[in-house]
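The structure under discussion appears below in the form of structure tokens.
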Amino acid sequence: MSTSPSPAPPGPGVLDAALDRAFGHPSGLLGRLGGKLMAIGNAATEHRVVDLARLEPDETVLVVGPGPGVGLDAASKLAGEVIGVEPSPQMRDLCTDRCGDRAEVRAGSAARTGCADASADVVLTVNNVQFWEDRPAAFAELFRVLRPGGRLLLSAHEKWLPVTRHELAGEAAAAGFTDLQTWTWDPPGFAALAAQLRAGKPA
């Protein structure tokens with residue numbers, strides 16, 4: 001009988017790295033799997049956020065971290081111009097496959113959108129805020145790119161939020177956003193409870 005010790009289970013660092021490759025910065029086989037899971041698991045929330053935004057045909061919409069592009073696709077069917085900024089090349093490819101020429105997809109992040117000042121009417125982001133390395137910088141950037149009177153809609157799994165949704169609203173307020181509202185929404189199916197936030201840029 002062997003007396004060799006059993007292999008140790010993966011440590012937290014290994015698990016964190018795997019989750020990042022699947023969902024945070026999707027790449028490789030894990031990234032492809034993560035993209036499929038996100039497209040299915042996030043679909044109801046993506047459509048919910050687009051519905052809440054009440055997009056108009058003459059509006060420009062910035063989608064931060066569109067992942068496989070479900071929300072980007074929904075927004076592109078309603079708004080005049082839709083831009084997705086996504087750090088993962090693999091997810092950008094999925095967005096392009098899904099949306100075709102109805103949306104512009106480019107490398108970027110919440111803190112580095114590459115958009116001009118006051119160039120967007122609406123910013124949408126779903127299940128992305130937990131990956132923002134510098135949230136104050138990200139909220140400042142999103143405030144910068146919104147036109148006066150523009151609006152931000154944010155949603156994320158409540159259990160994965162880095163801070164409470166009320167603290168998140170406070171961070172948005174510190175960046176200049178006003179008319180803040182936050183609530184939870186229980187998506188249909190097995191998706192986790194969503195914390196959602198709406199905010200505006202003063203006109």
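Naming works like this for the structure tokens: A, B, ... for the chains as they're shown, residue 1 at the start of each chain, ligands 1 onward in shown order.
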
Notebook entry, point to check: Contacts of range 70-80 of chain A at 8 Å or less, counting only C-alpha atoms, minus same-chain residues fewer than 3 places along, as a ChimeraX atom specification?
Noted result: /A:39,43,46-47,50,55-61,63,66-67,83-84,95,98-99,102-103

Check: Which residues in range 8-199 of chain A does DSSP call strand (DSSP E)? List them as a PyMOL selection string.
Finding: chain A and resi 60-64+81-85+104-106+120-126+146-157+178-185+194-199

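If only C-alpha atoms are the atoms counted, then among A:Arg48, A:Lys159, A:Arg106, A:Arg147 the closest residue to Ser119 in chain A is A:Arg147.
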
Using only C-alpha atoms, the shortest atom-to-atom distance to Lys201 in chain A among A:Thr164, A:Thr45, A:Ser109, A:Thr178 belongs to A:Thr178

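CA of Leu142 in chain A lies 20.9 Å from CA of Met91 in chain A.
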
Check: Where in range 128-189 of chain A does DSSP assign alpha helix (DSSP H), given as a ChimeraX atom specification?
Finding: /A:135-145,165-174

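Atom pair CA of Phe143 in chain A / CA of Thr182 in chain A has a distance of 17.5 Å (rounded to one decimal).
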
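Using only C-alpha atoms, the nearest neighbour of Pro68 in chain A within the list A:Ala174, A:Ala140, A:Val85, A:Ala194 is A:Val85.
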
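Across the structure, CA of Gly150 in chain A and CA of Asp51 in chain A are spaced 15.9 Å apart.
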
Quick one: everything within 10 Å of Val129 in chain A, counting only C-alpha atoms, minus sequence neighbours fewer than 6 positions away in the same chain. Send it as a PyMOL selection string. chain A and resi 64-65+110+135+138-139+154-157+160-162+168
